[in-house]
Structure formats: C-alpha cells, structure tokens
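First up is the structure itself, then whatever we jot down about it.
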Amino acid sequence: MKLLPLVKLVTLLVTLCPAAMAQHPALESSYLRIGVVYNSTTTGQLHFQAIQDALRDHAIGKRAEIVEIPYTELGQTQAPGTETALKNHDDANKLRIAIVLIPYVNELQGEERLLAVLKNRQVDLVLGPTDSGVYVRVVEQKEKVGENIVPVISSLVVAGEPNEADGWFFRTNADIARRTGAIYDYLNKRWVNSIAVMYAESEFGRRAERAFRRELTGIQADNYLPLPYQGDDFRPALRRILDKRPAAVGLFGPAEDMVTIFRDLRSMNAASTLYRPISFAVIDIRRRTPGLDDFYFVSVMRPEESSNNGPEENEYGDVYGLSYDTTTLVLNEIKNAGLDRPFEKRGFRDRFANVLSGAVGTPGPKTGMRFSNMANSGELHVYRVDGDKVVVESEDVVGMFEKLRWKQQLMVDRFGMLPLAVLATIFLTVFGASVNDLYRWYGGSFKQLLLGPPHKYSYGRRLISKHFLALVLIQFSIAVLLYAFLSETGRIRYDSILNAFVIALAPSPLLRASFANIGGTNIGFADQYDRILKYLTKRLLAVKYGDKIEDAKLVLAYYNSHSFLKRTVTDIYLAIPNKEEGARLRAEMEVEQEQYTEQIDRRKALAQRLVEMRTWEELHRLRAVPESMKDLSNIQSPEAVITDCVYHCFGDKNREDILETVVQDQLKRASDPVIAHYKTKIRETENGTDTLRDKVFVKLQFLVMTFGFLKKRLIEEGLHPREDKEASTAEKSEDN
C-alpha cells in the first residue's frame with residue numbers, strides 16, 4: 001500500500017520496457033498512456049496510491065502489463081495522430097497500460113506541466129490534477145491545446161466550472177457549494193452564529209469562501225469574519241480571530257496548512273481564558289492532518305466505510321475513496337468500450353459524460369458516489385475528529401435542549417467563566433438601579449438603605465420583599481436580553497464587563513421614558529412603570545407596617561391638620577439632594593391635592609406619602625403620631641374608634657345630648673369650609689335607612705377630625721367606652 005520508490009520504478013521500467021528509457025518511441029503506439037497529475041504532498045501521494053490500488057483490483061488491471069513512467073522520461077515530440085491500441089501485438093491477452101507520473105510542487109508548475117502534456121499529446125487520458133487552481137487555469141487555456149486535447153478527469157477538485165457533456169474536463173468530487181452548504185447547515189442547527197473563515201489566497205480558498213458566504217443567510221455581517229492568508233503567514237489572521245473570538249473557525253486551504261494553523265491558534269492564545277472554538281473544513285482531512293482534535297469536516301465517504309474496525313483503505317477518506325472510485329469508473333468505461341478496439345478519446349468522453357448525466361452507472365465502491373445532471377449528487381456527511389477516532393455526526397433535527405447545550409458549551413469554550421461575571425455585574429447593577437428607582441418614589445436615598453439603623457421598620461428589611469425582587473428580575477431580564485441581542489449580532493462580546501455595566505443601566509430609564517404624547521396618552525412605558533412602582537410601594541409598606549398600614553395612614557390623617565401634614569411632606573421633599581426631583585414631587589403633590597374636594601381625603605393622601613417616606617418611629621419624632629401610639633403594635637384605626645363610640649352613644653339619650661353639645665361647641669370654632677362639609681354630610685344621612693345611627697357616626701367623625709386622633713379626649717367627654725383598666729381606676733378615685 002506504499003508508493004514505490006523511484007529506484008524501483010526505474011528498475012521496473014528497464015525490465016519491462018527497455019525502449020522507454022530513450023524517449024519511449026514504442027510507448028506511443030503500444031500502450032494506453034494514463035497521465036496522473038498530482039501535487040507532491042500527502043494529498044497527492046494518497047491520490048496516486050488509490051489509482052495504483054484501483055488498477056490492481058480491477059479486472060483490467062489484473063490482465064494488464066503496467067509500467068510507471070516519470071514525467072522527466074517522456075519524449076518531447078508530439079505523438080502521431082493514430083489512436084492507441086490496448087492489446088500487445090505479441091500477446092493478444094495481455095493489456096499494456098503506462099502510468100505517466102506528472103507530479104508538481106506548486107500550482108504554477110502543475111499548470112505548466114499539464115498544459116505541456118496536453119499540447120504535445122503525451123498521454124491519452126489524464127487523472128488529475130489534485131488542486132483546483134491547476135484545474136481552473138488549465139480549463140481557461142484549453143484553446144491553446146487545440147485538437148490534441150484528451151479527457152481530463154479530476155477526482156479531488158471541488159471548485160471550477162460545471163461539467164459539460166461535450167467538454168473535455170470533468171470533476172467527480174462533490175461541488176464546493178454543496179460542501180459549504182452541508183457544514184453551514186450543521187452549524188446553523190446548533191445556533192452557531194459567529195464564524196471566522198481563514199482561506200488560502202488560491203482558487204480553492206477563494207471559491208470556497210465565496211460559496212460559504214452565500215450560505216450565511218441567518219448570520220449578521222458583524223458576526224462573519226473572512227480572513228485570507230498567503231503562504232504560511234497565518235499569524236495576522238489568527239490575531240484577529242483571538243480578538244473577535246468567534247464560536248467557529250473555518251479553514252479553507254490545503255490540509256497541510258491546517259495542522260500549523262491549529263497549533264498556532266492554541267499557542268498564541270495568551271489570555272487567561274482558554275479559547276477553543278469549533279474548527280471545521282469543507283474537505284476530508286483524514287490521514288493528512290496529524291495532531292488535530294475536535295475538528296469537523298465534510299466527506300462523501302459513507303459512514304459504514306469510516307469505522308476503525310474496517311479495512312485499512314477505508315480510513316483514508318475522500319482523497320483515497322474518490323480517487324479509487326474515479327479510477328474504477330474510468331476503467332469500467334474502457335472495458336465497456338471493448339478491449340479489442342483502439343482507445344478512442346471522443347468515444348470515451350461521450351460514454352463518461354453519459355455516466356455523469358446519471359443515465360447509467362452504479363455507486364462507487366468506496367464513497368457511494370452517484371451522478372445526476374453532470375455532477376456528483378452522492379450524500380455528504382459531517383464527521384468529527386475525536387482523538388484517534390473519526391466519528392460521524394448525527395444528521396437528525398436538533399431539539400431545543402440540544403441547541404441550548406451547544407450554546408452553553410460554546411460560551412465556555414470561547415470565554416470560560418467570564419459570562420458568569422458578566423451576569424453578576426448585570427444583576428448587581430440592576431439591583432442598585434431598582435433600589436434607586438424605588439427610593440426616588442419614596443423620596444429617600446441610598447444612604448437610608450446602606451446606613452439606616454437595623455430596627456424592624458428599617459428600609460433594609462423591605463428590600464427582601466418578593467415583590468421588590470420581581471422588579472429586579474424584570475429589569476434583569478430586560479438587560480440580559482439586550483446584552484444577548486447585541487452579543488449575538490456581533491456588536492459586543494459576551495465577556496465585556498464594561499459593556500454589561502452600561503447595558504444594565506438601560507432598563508430603568510427605558511421603563512421610565514415616554515416617547516410621545518398623542519391625544520393626552522403617553523406612548524412608552526412610563527405610566528405602566530409608575531403603576532408597578534405604586535403597587536410595589538403598597539406591598540413594601542405592608543412589610544414595613546405589617547397589617548396596620550391602613551390604620552397608620554388613618555391615624556396620621558385624623559390626628560393631624562391638613563396644614564401640618566402638607567408642611568411636613570413639603571419639608572421632606574425640600575431636603576432631597578436632587579432639587580429637580582424634589583420640585584417634581586412637590587408639583588405632583590399639589591396636583592394630587594387638587595383632585596380631592598373633601599379635607600379628610602386630602603389629609604389621607606398626604607398621610608399616605610408620609611407613611612411611604614418615613615418609619616413610624618421617625619413620624620413619632622416629628623410629633624405626627626399620638627404619644628399613646630408610639631408603639632406601632634398599639635395602633636388603632638380612627639374608624640374603629642368612631643365605631644366604638646357609635647355603639648357607646650347610640651340609643652343613650654344622655655350621651656347623644658352630650659355629643660350634640662360638644663359638636664355645637666366645636667362648630668363655633670370651626671372654619672366655614674369645615675362647617676359646610678359637616679352640614680353636607682348630615683344632609684346626606686337623611687336619605688339613608690338608618691338616619692339616627694348615621695348622624696351619630698357623622699358627628700363623631702367630625703369630632704375626631706376636629707380633636708385630632710385623641711381617644712383620651714373622647715373618653716373625657718364620656719363619648720368613648722372606657723377600658724376595664726381605666727374604669728377600675730376611675731371608680732377607685734370616686735371612692736376616695
């Protein structure tokens with residue numbers, strides 16, 4: 001299975017065909033000359049080895065006398081116009097085939113040698129070349145060959161003009177467009193949407209990159225990075241890859257370059273985070289790229305032919321398989337034409353084109369190649385190099401869980417644990433912004449959160465509320481989605497902590513913004529966000545005051561005058577460091593006050609603001625809370641006190657008279673609006689079903705509003721039922 005050394009070739013040549021050493025005059029008329037044009041690299045050697053093995057295994061090869069002629073030994077005179085005979089005149093059963101070795105070290109030399117061989121009609125048939133550049137440039141110059149042209153059949157070239165039925169140049173490999181489509185479909189199914197492609201400045205590299213670019217329908221332009229390179233100067237392109245850190249890196253060039261690129265990419269990664277992108281190629285790299293691992297590629301080899309337990313030749317991949325199958329196909333058509341007849345190039349061309357059209361033919365023994373419309377239409381498969389094994393990748397539809405697993409693994413391979421630091425940055429920033437929003441609503445500051453006393457009514461306690469965390473999570477989700485969108489579209493990188501901080505500040509102003517006002521309706525999220533903050537305020541106050549929040553508000557409203565409450569709220573707003581914010585809140589308070597016509601409702605609105613901005617102990621220090629209610633646990637709703645008084649007074653003529661006397665006394669001191677409000681309420685009771693009870697209720701409500709919330713005063717007037725302890729003390733005093 002190894003190539004014969006040149007010395008053995010020459011020895012064999014001298015033994016079998018002594019006349020061939022002197023420009024081989026007899027060779028031109030007695031041998032079928034098959035020129036093998038190949039690059040003198042590992043790829044070319046595998047190509048030539050496959051041709052040797054196909055000749056050996058085929059029925060023709062078993063009967064043929066085969067000699068191998070180095071290119072340098074070919075005669076330089078043009079061959080005669082007669083067609084070449086296949087049979088040896090001395091032995092009718094012995095075929096005579098000459099394999100003409102035409103190696104080249106670069107594409108330019110390959111182009112020159114192939115053109116020279118064709119111009120001088122030094123071969124009857126060409127298998128090769130192995131490089132797209134040689135193939136394409138010779139096709140462009142086919143007019144120079146003229147009538148001496150012979151069929152040129154390449155098993156490895158993937159880029160070039162389509163095969164033509166009346167042409168002389170044929171490709172049996174799967175086209176580059178199909179190969180790039182296969183690998184892109186595989187990556188796209190797994191949400192790989194940031195790709196860099198390093199491509200050689202060669203015919204194959206440029207055409208492969210163009211074909212791949214045409215597939216990128218679902219990838220943003222910022223997420224695609226094409227990087228050409230020349231010769232072995234890979235480092236400039238690799239530096240850009242390390243800076244961009246795409247999820248996948250494609251290598252479109254000679255297989256021999258891939259080993260060096262793969263090694264340099266890892267050695268140049270000086271960052272603390274290991275960068276391990278998905279690496280892929282559109283050609284089969286087996287047996288030609290030692291040292292590559294976790295590398296994906298496209299192949300026409302059937303999966304069952306890729307098992308490590310199979311025959312050795314089945315592990316060579318496309319280069320060996322395609323060269324073997326193409327040679328077998330060529331020999332089949334030579335045999336079908338009849339071995340008794342001379343080899344006639346035009347007749348062979350027509351029969352071979354008929355095979356490529358799909359009219360006849362069977363799958364290739366190694367690759368399963370099939371043809372239709374003058375092209376290889378066999379199945380393509382994606383393989384992965386896994387250590388010393390080559391495994392075929394699943395072609396099934398990828399589910400959501402599998403896509404998410406791929407995405408998570410790609411994140412780790414590209415950026416390590418830095419995305420976790422990004423998420424932490426976003427969360428902490430959003431948390432701080434949410435706290436700021438809530439305190440702006442409360443009229444407080446960060447200092448109250450960070451330095452406030454750790455008593456049970458402190459601001460710190462209410463921040464653990466699940467409702468506050470819901471606000472944080474809403475803003476966190478918005479920031480993460482925005483960050484992911486910008487990262488997925490290539491605007492930023494997933495490991496940019498500074499960008500994460502800036503983006504995390506966006507949800508708060510976005511939610512507070514109004515973009516336009518149409519017909520008195522704000523277009524934006526400001527109104528909805530205000531409602532959310534109001535709702536959270538109420539829920540957080542429940543944490544602050546427990547189940548006595550409504551009672552606390554009513555106590556403040558009934559105990560204090562409207563002017564005191566308004567002055568206290570205004571002083572708090574004036575103390576806010578942000579003067580614009582303080583002015584906004586004062587203006588908002590004034591607008592709110594104008595909405596209410598009744599004094600008690602205005603006092604309740606002001607009391608609500610005080611409850612939101614100050615703890616109960618702070619309100620007590622402001623003397624807005626009765627001394628007897630310093631402890632919030634002892635708070636009692638004014639509504640409850642009034643109800644107790646109604647039950648105590650209603651139906652007792654003596655107490656009702658006392659109530660009327662006290663009310664009339666207070667009316668003499670009240671202002672005109674208060675008197676008008678009282679009389680309006682009394683008139684409203686006339687329409688009720690329980691007029692007397694309602695009037696008692698209105699009178700007591702008026703007294704509570706007038707006295708302020710002074711339960712002691714009501715007890716002194718005999719309008720409130722005394723508690724047992726108070727009654728006992730009073731009785732003892734009377735006895736004394």
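So you can find residues: chains in the structure tokens are A, B, ... in the order shown, residues in each start at 1, and ligands are numbered from 1 in order.
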Could you pull the residues within 12 Å of Arg286 of chain A, counting only C-alpha atoms, minus those fewer than 6 positions along the same chain, as a PyMOL selection string? chain A and resi 42-43+46+255-256+258-259+292-293+295-299+301+306+308+313-321+383-391
Excluding Asp53 of chain A and any residue of its chain fewer than 4 positions from it, enumerate the residues within 10 Å of it, using only C-alpha atoms, and give them as a ChimeraX atom specification. /A:1,48-49,57-58,61,313,320,323-324,327-328
Proximity of segment 233-298 of chain A to segment 192-200 of chain A: per-residue shortest pair, 8 Å limit, only C-alpha atoms, as a Markdown table:
```
| residue | atom | partner | partner_atom | distance |
| --- | --- | --- | --- | --- |
| A:Ala237 | CA | A:Met198 | CA | 7.1 |
| A:Ile241 | CA | A:Ala196 | CA | 6.9 |
| A:Pro246 | CA | A:Ser194 | CA | 5.0 |
| A:Ala247 | CA | A:Ser194 | CA | 5.3 |
| A:Ala248 | CA | A:Ile195 | CA | 4.8 |
| A:Val249 | CA | A:Ala196 | CA | 4.8 |
| A:Gly250 | CA | A:Val197 | CA | 4.4 |
| A:Leu251 | CA | A:Met198 | CA | 5.1 |
| A:Phe252 | CA | A:Tyr199 | CA | 4.4 |
| A:Gly253 | CA | A:Ala200 | CA | 5.0 |
| A:Pro254 | CA | A:Ala200 | CA | 7.8 |
```
Residues just named, written with N, CA and C atoms as a PDB file, in the first residue's frame:
```
ATOM      1  N   ALA A 237      -3.990  36.811  10.667  1.00  0.00           N
ATOM      2  CA  ALA A 237      -5.382  36.352  10.703  1.00  0.00           C
ATOM      3  C   ALA A 237      -5.723  35.751  12.066  1.00  0.00           C
ATOM      4  N   ILE A 241      -8.690  36.643  14.945  1.00  0.00           N
ATOM      5  CA  ILE A 241      -9.598  35.621  15.478  1.00  0.00           C
ATOM      6  C   ILE A 241      -9.586  35.642  17.003  1.00  0.00           C
ATOM      7  N   PRO A 246     -14.738  34.274  17.637  1.00  0.00           N
ATOM      8  CA  PRO A 246     -15.971  33.698  17.089  1.00  0.00           C
ATOM      9  C   PRO A 246     -16.199  32.289  17.619  1.00  0.00           C
ATOM     10  N   ALA A 247     -17.436  31.832  17.508  1.00  0.00           N
ATOM     11  CA  ALA A 247     -17.770  30.495  18.007  1.00  0.00           C
ATOM     12  C   ALA A 247     -17.155  29.398  17.153  1.00  0.00           C
ATOM     13  N   ALA A 248     -16.982  29.657  15.852  1.00  0.00           N
ATOM     14  CA  ALA A 248     -16.443  28.637  14.949  1.00  0.00           C
ATOM     15  C   ALA A 248     -15.406  29.268  14.033  1.00  0.00           C
ATOM     16  N   VAL A 249     -14.410  28.466  13.666  1.00  0.00           N
ATOM     17  CA  VAL A 249     -13.343  28.916  12.766  1.00  0.00           C
ATOM     18  C   VAL A 249     -13.227  27.899  11.637  1.00  0.00           C
ATOM     19  N   GLY A 250     -13.454  28.361  10.404  1.00  0.00           N
ATOM     20  CA  GLY A 250     -13.316  27.504   9.240  1.00  0.00           C
ATOM     21  C   GLY A 250     -11.956  27.679   8.595  1.00  0.00           C
ATOM     22  N   LEU A 251     -11.380  26.587   8.124  1.00  0.00           N
ATOM     23  CA  LEU A 251     -10.066  26.600   7.479  1.00  0.00           C
ATOM     24  C   LEU A 251     -10.240  26.091   6.058  1.00  0.00           C
ATOM     25  N   PHE A 252     -10.127  26.990   5.092  1.00  0.00           N
ATOM     26  CA  PHE A 252     -10.301  26.653   3.686  1.00  0.00           C
ATOM     27  C   PHE A 252      -8.954  26.793   2.989  1.00  0.00           C
ATOM     28  N   GLY A 253      -8.230  25.738   2.983  1.00  0.00           N
ATOM     29  CA  GLY A 253      -6.910  25.732   2.373  1.00  0.00           C
ATOM     30  C   GLY A 253      -6.372  24.323   2.327  1.00  0.00           C
ATOM     31  N   PRO A 254      -5.096  24.163   1.957  1.00  0.00           N
ATOM     32  CA  PRO A 254      -4.506  22.824   1.933  1.00  0.00           C
ATOM     33  C   PRO A 254      -4.575  22.164   3.305  1.00  0.00           C
TER      34      PRO A 254
END
```
Going by DSSP on the backbone, which bits of segment 235-451 of chain A are alpha helix (DSSP H)? Write them as a PyMOL selection string, please. chain A and resi 235-244+255-267+318-337+345-356+400-415+418-442+446-450
Mind giving me the straight-line distance from atom CA of Ile682 of chain A to atom CA of Lys711 of chain A in Å, one decimal?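 Pair atom CA of Ile682 of chain A / atom CA of Lys711 of chain A returns 22.8 Å.
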Which distance in Å separates atom CA of Arg33 of chain A and atom CA of Leu108 of chain A, to one decimal?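 Here the two named atoms are 23.6 Å from each other.
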Can you tell me how far atom CA of Asp631 of chain A sits from atom CA of Thr615 of chain A, in Å to one decimal? 11.6 Å
